[in-house]
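See below for the structure under consideration.
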Amino acid sequence: MAQGLPLTYLEAGEAVGGTPLLVLHGLFGSARNWQTLAKRFSEKRRVYALDLRNHGGAPWSDRMTYPDMAEDVLRFLDDRGFARAAIVGHSMGGKVAMTLALNHPDRVERLVVADIAPVAYTHTHTPFVAAMKRANLEGCTRRSEVEAQLADAIPEAPLRSFLLQNLVLEQGKFHWRINLNAIGASMEDLIGFPDLGDTRYTGPTRFIGGSRSDYITPEYFDAITRHFPTAQIEMIGDAGHWVHAERPDEFAALVEAFV
């Protein structure tokens with residue numbers, strides 16, 4: 001049995017047998033971000049959208065490597081007696097899904113990776129973590145008061161709104177429901193990708209990128225096909241990194257046709 005953490009999750013669809021579909025969110029996200037798409041995907045499969053460690057309602061841990069997070073997903077499968085699953089993973093969740101598929105190919109029926117490649121990137125999200133940690137939540141009674149504190153460091157309003165989904169009001173006080181300390185300390189691991197040698201996953205694989213994003217570009221195609229030799233690479237026009245949120249219908253159609 002896997003020794004990972006017990007993850008929280010949302011589920012959709014009827015338990016009618018067959019292989020389930022797991023959905024893994026990206027950095028600063030949660031299962032709730034995928035609730036609408038999970039419901040749509042559930043017309044064909046039982047769907048579980050997971051909260052990855054240090055996010056949503058999942059347990060916190062100082063360790064946040066991709067092999068660690070892949071073990072969490074493996075434990076989710078083991079705890080429910082699932083021999084394997086189809087997996088959709090976006091960004092950080094895509095790297096978790098790829099790591100699981102490469103380390104335990106027999107547990108992944110098929111794989112969809114949204115706007116990420118099995119490579120190390122140079123852009124860091126440390127400034128976002130720092131801005132969120134600097135925000136003084138004491139005495140704030142409205143989300144707009146916290147948002148105003150993030151505006152200088154994070155001028156893009158849609159990005160601020162996305163990050164503020166992690167702001168929770170409980171017993172009259174705001175707090176962050178993500179483990180900012182662990183995320184900040186693990187940023188090198190999170191923007192990187194584990195060295196798994198020449199391991200390959202030969203199951204059905206589809207990469208879906210946004211045409212305006214720089215996370216899946218031709219320079220990364222060799223890395224993709226080296227580890228995932230059957231990979232199909234599909235790009236959605238006029239979409240950025242959050243391709244599933246910006247073009248949900250096009251994204252969902254590509255997933256549904258594949259899984």
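Ligands are numbered from 1 in the order shown, chains are lettered A, B, ... in the order of the structure tokens, and residues start at 1 in each chain.
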Sorted by chain and rising residue number, which residues of range 153-193 of chain A lie within 8 Å of range 56-80 of chain A, and what are their closest atom pairs and distances in Å to one decimal, counting only C-alpha atoms, as CSV?
residue,atom,partner,partner_atom,distance
A:Asn166,CA,A:Gly56,CA,7.5
A:Arg177,CA,A:Gly56,CA,6.2
A:Ile178,CA,A:Gly56,CA,6.5
A:Asn179,CA,A:Trp60,CA,6.5
A:Ala182,CA,A:Asp62,CA,5.1
A:Ile183,CA,A:Met64,CA,7.4
A:Ser186,CA,A:Met64,CA,6.1
A:Asp189,CA,A:Thr65,CA,5.8
A:Leu190,CA,A:Thr65,CA,7.0
A:Phe193,CA,A:Tyr66,CA,7.4
Dump C-alpha atoms for the selected residues as a short mmCIF file (atom, residue, chain, number, x, y, z; two decimals), in the first residue's frame?
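Output below, filename out_35.cif:
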data_model
loop_
_atom_site.label_atom_id
_atom_site.label_comp_id
_atom_site.auth_asym_id
_atom_site.auth_seq_id
_atom_site.Cartn_x
_atom_site.Cartn_y
_atom_site.Cartn_z
CA ASN A 166 -7.65 30.36 -1.19
CA ARG A 177 -6.19 27.55 3.27
CA ILE A 178 -2.97 26.69 1.41
CA ASN A 179 0.37 25.99 3.04
CA ALA A 182 5.75 24.71 2.26
CA ILE A 183 4.88 25.95 -1.23
CA SER A 186 9.39 23.81 -2.36
CA ASP A 189 10.84 21.29 -6.90
CA LEU A 190 7.51 22.63 -8.16
CA PHE A 193 10.59 17.90 -12.81
#
So that I can see what lies close to Asn33 in chain A, please list as a PyMOL selection string the residues with an atom at most 12 Å from it, counting only C-alpha atoms and leaving out residues fewer than 6 positions away in the same chain.
chain A and resi 9-10+23-27+39+49-51+55-56+90+162-163+165-166+242+244-245+248
Residues as selected, C-alpha atoms, written as a PDB file, in the first residue's frame, can you do that?
ATOM      1  CA  TYR A   9     -11.848  15.289  -3.014  1.00  0.00           C
ATOM      2  CA  LEU A  10     -15.060  16.100  -4.843  1.00  0.00           C
ATOM      3  CA  VAL A  23      -8.658  15.322 -11.984  1.00  0.00           C
ATOM      4  CA  LEU A  24      -5.579  17.023 -10.496  1.00  0.00           C
ATOM      5  CA  HIS A  25      -5.498  20.815 -10.156  1.00  0.00           C
ATOM      6  CA  GLY A  26      -2.557  23.170 -10.536  1.00  0.00           C
ATOM      7  CA  LEU A  27      -0.556  25.259  -8.081  1.00  0.00           C
ATOM      8  CA  LYS A  39     -19.645  17.162 -13.610  1.00  0.00           C
ATOM      9  CA  ALA A  49     -11.360  15.844  -8.410  1.00  0.00           C
ATOM     10  CA  LEU A  50      -8.637  15.724  -5.773  1.00  0.00           C
ATOM     11  CA  ASP A  51      -7.161  18.380  -3.485  1.00  0.00           C
ATOM     12  CA  HIS A  55      -4.082  22.763  -1.090  1.00  0.00           C
ATOM     13  CA  GLY A  56      -7.829  22.872  -0.494  1.00  0.00           C
ATOM     14  CA  HIS A  90      -3.263  20.688 -15.148  1.00  0.00           C
ATOM     15  CA  PHE A 162      -7.733  33.120  -8.629  1.00  0.00           C
ATOM     16  CA  LEU A 163      -5.317  33.372  -5.698  1.00  0.00           C
ATOM     17  CA  GLN A 165     -10.042  31.662  -3.836  1.00  0.00           C
ATOM     18  CA  ASN A 166      -7.646  30.364  -1.187  1.00  0.00           C
ATOM     19  CA  TRP A 242      -5.474  28.222 -17.699  1.00  0.00           C
ATOM     20  CA  HIS A 244      -9.464  24.701 -19.248  1.00  0.00           C
ATOM     21  CA  ALA A 245     -10.946  27.864 -17.719  1.00  0.00           C
ATOM     22  CA  PRO A 248     -13.781  25.134 -21.343  1.00  0.00           C
TER      23      PRO A 248
END
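Among the candidate residues A:Pro229, A:Gly240, A:Pro118, A:Gly139, the one lying nearest to Ile191 in chain A is A:Pro118, with distances computed using only C-alpha atoms.
Note that the spacing between CA of Arg40 in chain A and CA of Pro20 in chain A amounts to 13.9 Å.
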